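Encoded as structure tokens, the structure appears first; notes follow it.
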Amino acid sequence: MGKVIVVTSGKGGVGKTTTTANLGTGLALAGKKVVVIDADIGLRNLDVILGLENRIVYNLVDIVEGTCRPKQAMIKDKKLGGLFLIPAAQTRDKSAVTPEQMKELTAKLKEEFDYVLIDCPAGIEQGFKNAIAGADEAYVVTTPEVSAVRDADRIIGMLEAAEVPLTRLVINRIKQEMVLKGEMMGIDDVVEILAIDLLGIIPDDGEIVVASNKGEPVIYNNKSFAGQAYRNITDRIEGKDVPLMNLNDQVSVWTRLFSRWSK
Amino acid sequence: MFNFFKKKQADPKSKHVAKERLQLVLIHDRASIPPNVIEAIRKDIILAISKHIDIEPGDVSVSIEAHPGASRNSRSIVADVPLRKKGEAVR
């Protein structure tokens, strides 16, 4: 029996879709059978991040409405035999699916797949409720910014209220240079405020943009820090004890020295 | 030279400002008690205590506070009611 994991955040634009794509790819690279679901109905995006936008025939709403069988809507990844995508419908809205239907679908999928990853839409309305309905676990993505952390806190509260068994935190887009200068909240600050378990950290990395331009998740890029960060998170999901990446290694010696004075 | 460093220290780094602002706003977000309810509680407390002792209503403050280090949802309503010093208690 597999696990249903929802990737959520509250605030938009903090890296939910990128995280879903990379963790799905990472787990499939580790030999797991994975299906990623784009639950952002009306604003389909996971397909382009994975580079699968040209292969879509059916979508999530088609499955739920019985227009097609789940298998028919699943798009097989270009490279990985164990990775599948269920795309969002582009011409419908969030009310096209109900939480009960999502529960039923994810329950069916986890019989066959090791991981069912759901890319949750931003916000706290219907789309969010659909996405978390069948979740065994939630990953909350945030960036070290006031608005993102506030929204993450709200989402954590709602996940608790919905009795999602486990919620873990991913801090994305950390600019360690700014953290060292005291101009951005660091890992400890965000963890202290949100008070939930930390699953992983991802440094700010231009390679993410390059990767999304190409439709090839950054986890394939062995030279990128963000790619390494996603590989670490994948290992942790698989139960391995991997230490947090040392972000100071990515900052110049001068910045590190100067930061001792300016703290 | 040293003055330069001192001046920098006096100006709090924005990450501390961010953290403080967040902690404050989250106390209210998590409590989901609207400010007008807090104000109503404050007035009732003033009324109740004034029956027995002389206090200055303007000094009474009521706030929601988090317990540092405790779980996410542990909070208290804290009322601060300063008692008048003996010499001041003239009406």
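Each chain in the structure tokens gets a letter, A, B, ..., in the order shown, and its residues are numbered from 1; ligands are numbered from 1 in order too.
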- Considering only C-alpha atoms, extract the chain B residues located within 7 Å of chain A and return them as a ChimeraX atom specification. /B:13-15,18,22-23,26,72
- Query: Skipping near chain neighbours, those fewer than 3 positions away, what residues fall within 9 Å of Leu109 in chain A using only C-alpha atoms, listed as an MDAnalysis selection string?
  - Reply: chainID A and resid 2 4 35 70 104:106 112:116
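Within 8 Å of range 125-132 of chain A, once only C-alpha atoms are used and residues closer than 5 positions along the same chain are dropped, the contacting residues are A:Val6, A:Ala39, A:Asp40, A:Ile41, A:Lys94, A:Ser95, A:Val97, A:Thr98, A:Pro99, A:Glu100, A:Met102, A:Ile118, A:Asp119, A:Cys120, A:Ala138, A:Leu159, A:Val164.
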- Task: Would you return as a PyMOL selection string the members of range 7-211 of chain A that DSSP assigns to helix (DSSP H, G or I) on this structure's backbone?
- Result: chain A and resi 16-29+46-49+53-55+60-65+70-73+94-96+99-112+126-132+146-161+176-180+187-194+207-211
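Atom pair CA of Val218 in chain A / CA of Thr91 in chain A: separated by 28.9 Å.
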- Measure the distance from CA of Lys19 in chain B to CA of Gln228 in chain A in Å and round it to one decimal. 28.2 Å
